[in-house]
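**Q** Sharing a structure here in structure tokens format.
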Amino acid sequence: MPTSPPTRCGDPECQVLTTQGRCEAHQRKAWANRSKHWGSGSTRKWRAFRAQRLEAEPQCRWCGSTAGLEVDHMVPLSEGGSKWDPANVQTLCRAHHEVKSAQDRRRRTRPDGPGLTA
């Protein structure tokens with residue numbers, strides 16, 4: 001089957017010849033232009049569930065703060081936690097949510113690492 005002749009990469013500053021529009025170094029990532037909120041599963045159902053959980057638990061479970069609250073999955077979805085189970089979510093302030101998420105990531109990448117602390 002014939003192929004098209006090589007042309008310059010579609011990136012304005014690249015001189016590499018390719019038959020795919022862009023060279024491998026400048027291929028666009030499939031997820032690059034997705035909206036941060038809508039592309040990550042922020043649906044009407046999730047927003048309603050989140051609002052319900054924030055109303056049921058209006059302060060950070062770790063420090064009692066009422067500012068900048070976020071809903072956190074205690075067992076991360078990546079580890080098989082249920083997205084919709086109210087027993088699997090807790091309200092945390094932004095700072096503590098970041099700490100807890102970092103601990104989750106560390107535990108996933110280092111199985112022998114420390115467990116979660118509250």
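By order in the structure tokens, chains are A, B, ...; within a chain, residues start at 1; ligands start at 1, following the order shown.
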At a cut-off of 10 Å, using only C-alpha atoms, what residues contact Gln59 (chain A)? Leave out same-chain residues fewer than 2 positions from it and give the result as a list in words.
**A**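 The residues satisfying every condition are Leu54, Glu55, Ala56, Glu57, Arg61, Trp62, Cys63, Gly64, Ser65, Thr66, Ala67, Gly68, Leu69, Glu70, Gln90, Thr91, Leu92 and Cys93 of chain A.
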**Q** Selection from above, N, CA and C atoms, as a PDB file, in the first residue's frame, can you write it?
**A**
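Saved file out-v1.pdb follows:
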ATOM      1  N   LEU A  54     -20.896  16.804  51.939  1.00  0.00           N
ATOM      2  CA  LEU A  54     -20.424  18.007  52.625  1.00  0.00           C
ATOM      3  C   LEU A  54     -21.481  18.531  53.600  1.00  0.00           C
ATOM      4  N   GLU A  55     -22.738  18.351  53.246  1.00  0.00           N
ATOM      5  CA  GLU A  55     -23.811  18.768  54.153  1.00  0.00           C
ATOM      6  C   GLU A  55     -23.874  17.840  55.367  1.00  0.00           C
ATOM      7  N   ALA A  56     -23.663  16.558  55.144  1.00  0.00           N
ATOM      8  CA  ALA A  56     -23.706  15.587  56.242  1.00  0.00           C
ATOM      9  C   ALA A  56     -22.491  15.723  57.164  1.00  0.00           C
ATOM     10  N   GLU A  57     -21.357  16.124  56.617  1.00  0.00           N
ATOM     11  CA  GLU A  57     -20.126  16.250  57.402  1.00  0.00           C
ATOM     12  C   GLU A  57     -19.485  17.605  57.040  1.00  0.00           C
ATOM     13  N   ARG A  61     -12.481  16.149  58.849  1.00  0.00           N
ATOM     14  CA  ARG A  61     -12.456  15.058  59.818  1.00  0.00           C
ATOM     15  C   ARG A  61     -11.162  15.058  60.627  1.00  0.00           C
ATOM     16  N   TRP A  62     -10.077  15.606  60.094  1.00  0.00           N
ATOM     17  CA  TRP A  62      -8.796  15.593  60.787  1.00  0.00           C
ATOM     18  C   TRP A  62      -8.611  16.775  61.717  1.00  0.00           C
ATOM     19  N   CYS A  63      -9.024  17.981  61.283  1.00  0.00           N
ATOM     20  CA  CYS A  63      -8.724  19.167  62.091  1.00  0.00           C
ATOM     21  C   CYS A  63      -9.953  19.977  62.503  1.00  0.00           C
ATOM     22  N   GLY A  64     -11.116  19.688  61.937  1.00  0.00           N
ATOM     23  CA  GLY A  64     -12.321  20.402  62.303  1.00  0.00           C
ATOM     24  C   GLY A  64     -12.544  21.697  61.543  1.00  0.00           C
ATOM     25  N   SER A  65     -11.676  22.027  60.605  1.00  0.00           N
ATOM     26  CA  SER A  65     -11.817  23.251  59.808  1.00  0.00           C
ATOM     27  C   SER A  65     -13.084  23.194  58.950  1.00  0.00           C
ATOM     28  N   THR A  66     -13.666  24.364  58.693  1.00  0.00           N
ATOM     29  CA  THR A  66     -14.854  24.414  57.833  1.00  0.00           C
ATOM     30  C   THR A  66     -14.552  25.128  56.516  1.00  0.00           C
ATOM     31  N   ALA A  67     -13.299  25.491  56.273  1.00  0.00           N
ATOM     32  CA  ALA A  67     -12.930  26.215  55.051  1.00  0.00           C
ATOM     33  C   ALA A  67     -12.268  25.281  54.044  1.00  0.00           C
ATOM     34  N   GLY A  68     -12.566  25.473  52.768  1.00  0.00           N
ATOM     35  CA  GLY A  68     -11.914  24.725  51.698  1.00  0.00           C
ATOM     36  C   GLY A  68     -12.109  23.226  51.786  1.00  0.00           C
ATOM     37  N   LEU A  69     -13.333  22.786  52.022  1.00  0.00           N
ATOM     38  CA  LEU A  69     -13.579  21.355  52.224  1.00  0.00           C
ATOM     39  C   LEU A  69     -13.643  20.595  50.907  1.00  0.00           C
ATOM     40  N   GLU A  70     -13.138  19.364  50.933  1.00  0.00           N
ATOM     41  CA  GLU A  70     -13.159  18.466  49.789  1.00  0.00           C
ATOM     42  C   GLU A  70     -13.601  17.086  50.250  1.00  0.00           C
ATOM     43  N   GLN A  90     -14.917  10.769  53.121  1.00  0.00           N
ATOM     44  CA  GLN A  90     -14.792  11.606  54.299  1.00  0.00           C
ATOM     45  C   GLN A  90     -14.543  13.029  53.823  1.00  0.00           C
ATOM     46  N   THR A  91     -14.876  13.990  54.667  1.00  0.00           N
ATOM     47  CA  THR A  91     -14.630  15.383  54.351  1.00  0.00           C
ATOM     48  C   THR A  91     -13.296  15.784  54.958  1.00  0.00           C
ATOM     49  N   LEU A  92     -12.438  16.380  54.113  1.00  0.00           N
ATOM     50  CA  LEU A  92     -11.144  16.876  54.565  1.00  0.00           C
ATOM     51  C   LEU A  92     -10.949  18.287  54.026  1.00  0.00           C
ATOM     52  N   CYS A  93     -10.197  19.100  54.760  1.00  0.00           N
ATOM     53  CA  CYS A  93      -9.825  20.406  54.220  1.00  0.00           C
ATOM     54  C   CYS A  93      -8.803  20.153  53.110  1.00  0.00           C
TER      55      CYS A  93
END
**Q** Mind the document's chain letters and residue numbers, and return as a list in words the residues of region 5-118 of chain A that DSSP labels strand (DSSP E or B).
**A**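 Of region 5-118 of chain A, the ones in strand (DSSP E or B) are Thr7, Arg8, Leu17, Thr18, Leu69, Glu70, Val71, Asp72, His73, Val89, Gln90, Thr91, Leu92 and Cys93 of chain A.
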**Q** Keeping only C-alpha atoms, write those residues as a tab-separated table (two decimals), in the first residue's frame.
**A**
chain	number	residue	atom	x	y	z
A	7	THR	CA	6.88	16.09	5.19
A	8	ARG	CA	8.14	18.33	7.97
A	17	LEU	CA	10.55	14.53	8.39
A	18	THR	CA	7.56	12.30	9.10
A	69	LEU	CA	-13.58	21.35	52.22
A	70	GLU	CA	-13.16	18.47	49.79
A	71	VAL	CA	-14.60	14.97	49.63
A	72	ASP	CA	-11.96	12.23	49.87
A	73	HIS	CA	-12.27	8.52	49.14
A	89	VAL	CA	-15.85	9.04	51.75
A	90	GLN	CA	-14.79	11.61	54.30
A	91	THR	CA	-14.63	15.38	54.35
A	92	LEU	CA	-11.14	16.88	54.56
A	93	CYS	CA	-9.82	20.41	54.22
**Q** Could you check how far CA of Arg28 (chain A) sits from CA of Leu77 (chain A), in Å to one decimal?
**A** 27.2 Å
**Q** Considering only C-alpha atoms, state which residue in the set A:Arg53, A:His26, A:Arg106, A:Arg47 is at the smallest distance from Ala87 (chain A).
**A** A:Arg53
**Q** Rounded to one decimal, what separation in Å do you get between CA of Thr109 (chain A) and CA of Trp84 (chain A)?
**A**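 Interatomic distance, CA of Thr109 (chain A) to CA of Trp84 (chain A): 25.5 Å.
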**Q** Record the distance separating CA of Ser4 (chain A) and CA of Thr19 (chain A), expressed in Å with one decimal.
**A**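 Computing it gives 6.3 Å between the two atoms.
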**Q** Based on the backbone DSSP call, show me all residues of region 34-105 of chain A assigned alpha helix (DSSP H), as a ChimeraX atom specification.
**A** /A:44-56,94-105
**Q** Skip region 79-83 of chain A itself and residues of its chain fewer than 5 positions away, then list as a compact mmCIF listing (two decimals) with N, CA, C and O atoms, in the first residue's frame all residues within 12 Å of it, counting only C-alpha atoms.
**A**
# COMPACT_ATOMS: atom_id res chain seq x y z
N GLY A 41 -14.47 13.08 35.50
CA GLY A 41 -15.60 12.40 36.11
C GLY A 41 -16.50 13.30 36.93
O GLY A 41 -17.33 12.81 37.69
N SER A 42 -16.35 14.62 36.82
CA SER A 42 -17.22 15.53 37.56
C SER A 42 -18.56 15.60 36.85
O SER A 42 -18.76 16.39 35.93
N LYS A 45 -24.24 13.75 38.86
CA LYS A 45 -24.44 12.78 39.94
C LYS A 45 -23.36 12.95 41.01
O LYS A 45 -23.65 12.95 42.20
N TRP A 46 -22.06 13.12 40.57
CA TRP A 46 -20.99 13.29 41.54
C TRP A 46 -21.16 14.60 42.30
O TRP A 46 -20.97 14.64 43.52
N PHE A 49 -23.78 14.10 44.91
CA PHE A 49 -23.27 13.22 45.97
C PHE A 49 -22.31 13.99 46.86
O PHE A 49 -22.38 13.92 48.09
N ARG A 50 -21.41 14.77 46.24
CA ARG A 50 -20.43 15.56 46.98
C ARG A 50 -21.13 16.58 47.88
O ARG A 50 -20.81 16.71 49.06
N VAL A 71 -14.16 16.33 49.33
CA VAL A 71 -14.60 14.97 49.63
C VAL A 71 -13.49 14.01 49.20
O VAL A 71 -13.00 14.08 48.07
N ASP A 72 -13.06 13.15 50.11
CA ASP A 72 -11.96 12.23 49.87
C ASP A 72 -12.46 10.79 49.96
O ASP A 72 -13.27 10.47 50.82
N HIS A 73 -11.98 9.96 49.05
CA HIS A 73 -12.27 8.52 49.14
C HIS A 73 -11.24 7.89 50.06
O HIS A 73 -10.04 7.94 49.78
N MET A 74 -11.70 7.32 51.16
CA MET A 74 -10.78 6.73 52.13
C MET A 74 -9.99 5.59 51.51
O MET A 74 -8.79 5.50 51.68
N ASN A 88 -17.27 5.16 52.36
CA ASN A 88 -15.91 5.23 51.81
C ASN A 88 -15.47 6.67 51.57
O ASN A 88 -14.40 6.89 51.03
N VAL A 89 -16.26 7.65 51.96
CA VAL A 89 -15.85 9.04 51.75
C VAL A 89 -15.79 9.77 53.08
O VAL A 89 -16.49 9.44 54.03
N GLN A 90 -14.92 10.77 53.12
CA GLN A 90 -14.79 11.61 54.30
C GLN A 90 -14.54 13.03 53.82
O GLN A 90 -14.07 13.25 52.72
N ASP A 104 -1.29 8.19 50.08
CA ASP A 104 -1.83 7.11 49.24
C ASP A 104 -0.88 6.81 48.08
O ASP A 104 -0.59 5.66 47.78
N ARG A 105 -0.41 7.88 47.41
CA ARG A 105 0.50 7.69 46.29
C ARG A 105 1.81 7.04 46.74
O ARG A 105 2.33 6.14 46.07
N ARG A 107 2.26 5.09 49.29
CA ARG A 107 2.00 3.70 49.64
C ARG A 107 1.88 2.84 48.39
O ARG A 107 2.34 1.70 48.36
N ARG A 108 1.28 3.40 47.32
CA ARG A 108 1.14 2.63 46.07
C ARG A 108 2.49 2.42 45.40
O ARG A 108 2.72 1.38 44.80
**Q** Pick from A:Gln27, A:Gln103, A:Thr43, A:Thr3: nearest to Val75 (chain A), with only C-alpha atoms counted?
**A**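 That would be A:Gln103, the residue with the smallest distance to Val75 (chain A).
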**Q** Measuring between only C-alpha atoms, which one of A:Cys60, A:Pro6, A:Asp85, A:Ala51 shows the shortest distance to His97 (chain A)?
**A**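 For His97 (chain A), the nearest of the candidates is A:Cys60.
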